[in-house]
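See structure below.
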Amino acid sequence: MPKPWRFEKFRIVLIKPSKYDDDGYLIRFWKGVLPSNTLNVLHGLTDDVKERRVFGDLPIEVTTFDETAEKVPIKKIIRWSREPGTKLLVCLVGVQTNQFPRALDMARLFRAEDITVIIGGFHTSGTINMLGEQEPDIQELVRESICVVSGEVEGKWEMILSDFLHDQLKPIYRGYFAGLSVCLQLLHDHQCAGTQDARAQSGEHRGAPA
């Protein structure tokens with residue numbers, strides 16, 4: 001039998017960060033163009049973990065935010081982390097190079113509240129694979145106890161979640177670069193609410209989904 005957990009609920013918050021303009025203002029549009037494929041893929045991978053009962057009867061709740069088309073309720077997320085019996089993980093996903101400064105700012109806000117943060121996407125994946133783990137951006141994340149993911153997480157996602165639940169999260173996870181894996185997930189109403197086109201999409205160009 002799976003061992004009993006010290007908490008009652010596992011809450012995962014997936015955030016696709018936006019970016020700052022040339023004057024330092026956060027860019028957010030009234031409507032997005034399409035739902036975020038990165039958020040969709042990670043939501044699907046997490047649903048698969050839930051359906052296979054990888055962590056037994058532990059309830060898993062997933063919430064997604066696409067900052068390019070909606071405000072991320074940072075204070076509310078911090079309050080979620082303080083709910084009795086809740087273990088919360090924040091994932092900043094699909095982070096491109098021009099989004100990295102915003103992602104780092106958000107990560108620091110959460111880390112200041114002792115919330116565990118994972119960051120991944122094009123920037124961390126490209127940086128590690130081209131310049132190595134000692135590159136200054138990567139080492140800055142490691143020093144601030146922000147977990148870094150490079151590459152795809154298909155096949156590794158449940159291991160990362162398990163490490164987090166057991167308080168054994170590694171500073172850096174290196175995935176792999178491969179063709180598109182089959183991970184189709186119906187879009188939830190919330191994921192389509194801020195977009196003009198609710199049609200699903202799939203693409204090999206998405207980069208690291210975590």
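Labels used: A, B, ... for chains in the order of the structure tokens, numbers from 1 for residues in each chain, and numbers from 1 for ligands as shown.
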(message) Using DSSP secondary structure from the backbone, list all strand (DSSP E) positions within segment 54-96 of chain A, as a list in words.
(response)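 The residues of segment 54-96 of chain A classed as strand (DSSP E) are Ile60, Glu61, Val62, Thr63, Thr64, Phe65, Asp66, Thr86, Lys87, Leu88, Leu89, Val90, Cys91 and Leu92 of chain A.
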(message) Please list as a VMD selection string every residue within 10 Å of Glu140 of chain A, counting only C-alpha atoms and excluding residues in the same chain fewer than 6 positions away.
(response) chain A and resid 104 134 146
(request) Tell me which protein, DNA and RNA residues are within 9 Å of segment 9-21 of chain A, counting only C-alpha atoms, leaving out same-chain ones fewer than 2 positions away, and put them as a PyMOL selection string. (result) chain A and resi 7+23-28+36+38-39+42-43+46+58-69+72+77+80-81+85-96+98-103+106+165+210
Produce a file of the selected residues containing N, CA and C atoms, as a compact mmCIF listing (two decimals), in the first residue's frame.
# COMPACT_ATOMS: atom_id res chain seq x y z
N PHE A 7 0.44 15.39 4.36
CA PHE A 7 -0.44 16.48 3.95
C PHE A 7 -1.67 15.88 3.29
N ASP A 23 10.13 49.74 -21.53
CA ASP A 23 10.08 50.66 -20.40
C ASP A 23 9.91 49.95 -19.06
N GLY A 24 9.90 48.62 -19.11
CA GLY A 24 9.81 47.86 -17.87
C GLY A 24 8.41 47.53 -17.41
N TYR A 25 7.42 47.81 -18.26
CA TYR A 25 6.03 47.49 -17.90
C TYR A 25 5.68 46.07 -18.35
N LEU A 26 4.91 45.40 -17.54
CA LEU A 26 4.49 44.05 -17.88
C LEU A 26 3.50 44.08 -19.03
N ILE A 27 3.72 43.23 -20.03
CA ILE A 27 2.81 43.16 -21.18
C ILE A 27 1.72 42.13 -20.90
N ARG A 28 0.47 42.59 -21.02
CA ARG A 28 -0.66 41.67 -20.91
C ARG A 28 -1.73 42.12 -21.88
N SER A 36 -2.34 28.34 -24.47
CA SER A 36 -0.94 27.94 -24.37
C SER A 36 -0.79 26.43 -24.51
N THR A 38 1.98 24.79 -24.02
CA THR A 38 2.80 24.32 -22.90
C THR A 38 1.95 24.00 -21.69
N LEU A 39 1.04 24.91 -21.33
CA LEU A 39 0.15 24.66 -20.20
C LEU A 39 -0.71 23.43 -20.45
N LEU A 42 1.41 20.13 -20.02
CA LEU A 42 1.71 19.83 -18.63
C LEU A 42 0.46 19.46 -17.84
N HIS A 43 -0.65 20.10 -18.17
CA HIS A 43 -1.91 19.72 -17.52
C HIS A 43 -2.24 18.27 -17.86
N THR A 46 -0.01 15.86 -15.96
CA THR A 46 -0.41 15.78 -14.55
C THR A 46 -1.69 14.97 -14.40
N LEU A 58 -3.81 10.53 -2.73
CA LEU A 58 -3.51 11.95 -2.52
C LEU A 58 -4.24 12.82 -3.55
N PRO A 59 -5.13 13.71 -3.14
CA PRO A 59 -5.80 14.60 -4.10
C PRO A 59 -4.80 15.55 -4.75
N ILE A 60 -4.87 15.67 -6.07
CA ILE A 60 -3.99 16.57 -6.82
C ILE A 60 -4.86 17.60 -7.54
N GLU A 61 -4.59 18.86 -7.30
CA GLU A 61 -5.33 19.94 -7.93
C GLU A 61 -4.39 20.76 -8.79
N VAL A 62 -4.76 20.98 -10.05
CA VAL A 62 -3.91 21.71 -11.00
C VAL A 62 -4.61 23.01 -11.39
N THR A 63 -3.88 24.12 -11.31
CA THR A 63 -4.41 25.42 -11.73
C THR A 63 -3.43 26.04 -12.72
N THR A 64 -3.95 26.58 -13.82
CA THR A 64 -3.08 27.16 -14.85
C THR A 64 -3.37 28.64 -15.03
N PHE A 65 -2.31 29.38 -15.34
CA PHE A 65 -2.43 30.81 -15.64
C PHE A 65 -1.52 31.16 -16.81
N ASP A 66 -2.09 31.85 -17.80
CA ASP A 66 -1.31 32.37 -18.92
C ASP A 66 -1.24 33.88 -18.73
N GLU A 67 -0.08 34.36 -18.27
CA GLU A 67 0.04 35.77 -17.90
C GLU A 67 -0.05 36.71 -19.09
N THR A 68 0.10 36.20 -20.31
CA THR A 68 -0.01 37.08 -21.47
C THR A 68 -1.45 37.55 -21.67
N ALA A 69 -2.43 36.85 -21.06
CA ALA A 69 -3.83 37.21 -21.26
C ALA A 69 -4.63 37.29 -19.97
N VAL A 72 -1.94 37.10 -13.00
CA VAL A 72 -1.61 35.99 -12.10
C VAL A 72 -1.84 36.45 -10.66
N ILE A 77 -2.12 32.84 -4.59
CA ILE A 77 -1.31 31.62 -4.64
C ILE A 77 -0.52 31.47 -3.35
N TRP A 80 -2.76 30.13 -0.81
CA TRP A 80 -2.99 28.69 -1.01
C TRP A 80 -1.89 27.89 -0.30
N SER A 81 -0.66 28.39 -0.36
CA SER A 81 0.46 27.65 0.23
C SER A 81 0.33 27.56 1.75
N GLY A 85 -2.63 21.50 5.60
CA GLY A 85 -2.65 20.22 4.90
C GLY A 85 -2.35 20.29 3.42
N THR A 86 -1.91 21.46 2.93
CA THR A 86 -1.64 21.63 1.49
C THR A 86 -0.14 21.71 1.22
N LYS A 87 0.30 20.97 0.22
CA LYS A 87 1.68 21.08 -0.27
C LYS A 87 1.60 21.66 -1.67
N LEU A 88 2.22 22.81 -1.87
CA LEU A 88 2.05 23.57 -3.12
C LEU A 88 3.35 23.69 -3.88
N LEU A 89 3.24 23.52 -5.19
CA LEU A 89 4.37 23.65 -6.11
C LEU A 89 4.01 24.63 -7.21
N VAL A 90 4.88 25.62 -7.44
CA VAL A 90 4.69 26.58 -8.53
C VAL A 90 5.66 26.24 -9.66
N CYS A 91 5.14 26.13 -10.88
CA CYS A 91 5.96 25.83 -12.06
C CYS A 91 5.83 26.98 -13.06
N LEU A 92 6.94 27.61 -13.38
CA LEU A 92 6.99 28.66 -14.41
C LEU A 92 7.43 27.97 -15.70
N VAL A 93 6.51 27.87 -16.66
CA VAL A 93 6.71 26.93 -17.77
C VAL A 93 6.85 27.64 -19.11
N GLY A 94 7.53 26.95 -20.03
CA GLY A 94 7.67 27.47 -21.40
C GLY A 94 8.34 28.82 -21.45
N VAL A 95 9.27 29.09 -20.54
CA VAL A 95 9.86 30.43 -20.42
C VAL A 95 10.86 30.67 -21.56
N GLN A 96 10.57 31.67 -22.37
CA GLN A 96 11.48 32.08 -23.44
C GLN A 96 12.48 33.09 -22.88
N ASN A 98 13.10 36.20 -23.64
CA ASN A 98 12.57 37.53 -23.34
C ASN A 98 11.57 37.51 -22.18
N GLN A 99 11.19 36.31 -21.73
CA GLN A 99 10.30 36.19 -20.58
C GLN A 99 11.07 35.85 -19.29
N PHE A 100 12.35 35.55 -19.43
CA PHE A 100 13.12 35.10 -18.27
C PHE A 100 13.19 36.14 -17.15
N PRO A 101 13.40 37.45 -17.45
CA PRO A 101 13.43 38.42 -16.34
C PRO A 101 12.12 38.43 -15.54
N ARG A 102 10.97 38.33 -16.21
CA ARG A 102 9.69 38.30 -15.51
C ARG A 102 9.55 37.00 -14.71
N ALA A 103 9.94 35.90 -15.31
CA ALA A 103 9.85 34.61 -14.61
C ALA A 103 10.71 34.63 -13.34
N MET A 106 9.00 36.69 -10.60
CA MET A 106 7.92 35.95 -9.96
C MET A 106 8.47 34.85 -9.07
N LEU A 165 7.47 15.86 -3.56
CA LEU A 165 6.64 15.39 -2.45
C LEU A 165 7.48 14.78 -1.33
N ALA A 210 8.14 22.09 -19.20
CA ALA A 210 8.19 22.40 -17.77
C ALA A 210 9.30 23.41 -17.49
(message) Just to confirm, what's the straight-line distance from atom CA of Glu133 of chain A to atom CA of Thr97 of chain A in Å (one decimal)?
(response)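 So the answer is 16.1 Å.
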(request) Check the smallest atom-to-atom distance from each of A:Glu144, A:Lys71, A:His166, A:Gly155 to Ala107 of chain A using only C-alpha atoms, then report the winner. (result)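 Among the listed residues, A:Glu144 lies closest to Ala107 of chain A.
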(message) Using only C-alpha atoms, can you tell me which of A:Leu141, A:Ile78, A:Val148, A:Leu131 comes closest to Ile119 of chain A?
(response)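 When distances to Ile119 of chain A are compared using only C-alpha atoms, the smallest one comes from A:Val148.
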(request) Run DSSP on the backbone of this structure and report the residues of chain A it assigns to alpha helix (DSSP H), as a ChimeraX atom specification. (result) /A:37-51,74-81,100-111,122-131,136-143,157-165,189-192
(request) For segment 157-163 of chain A, please output as number ranges by chain all residues within 8 Å (counting only C-alpha atoms; exclusion window: fewer than 6 positions along the same chain). (result) A: 45-46, 49, 54, 169-170
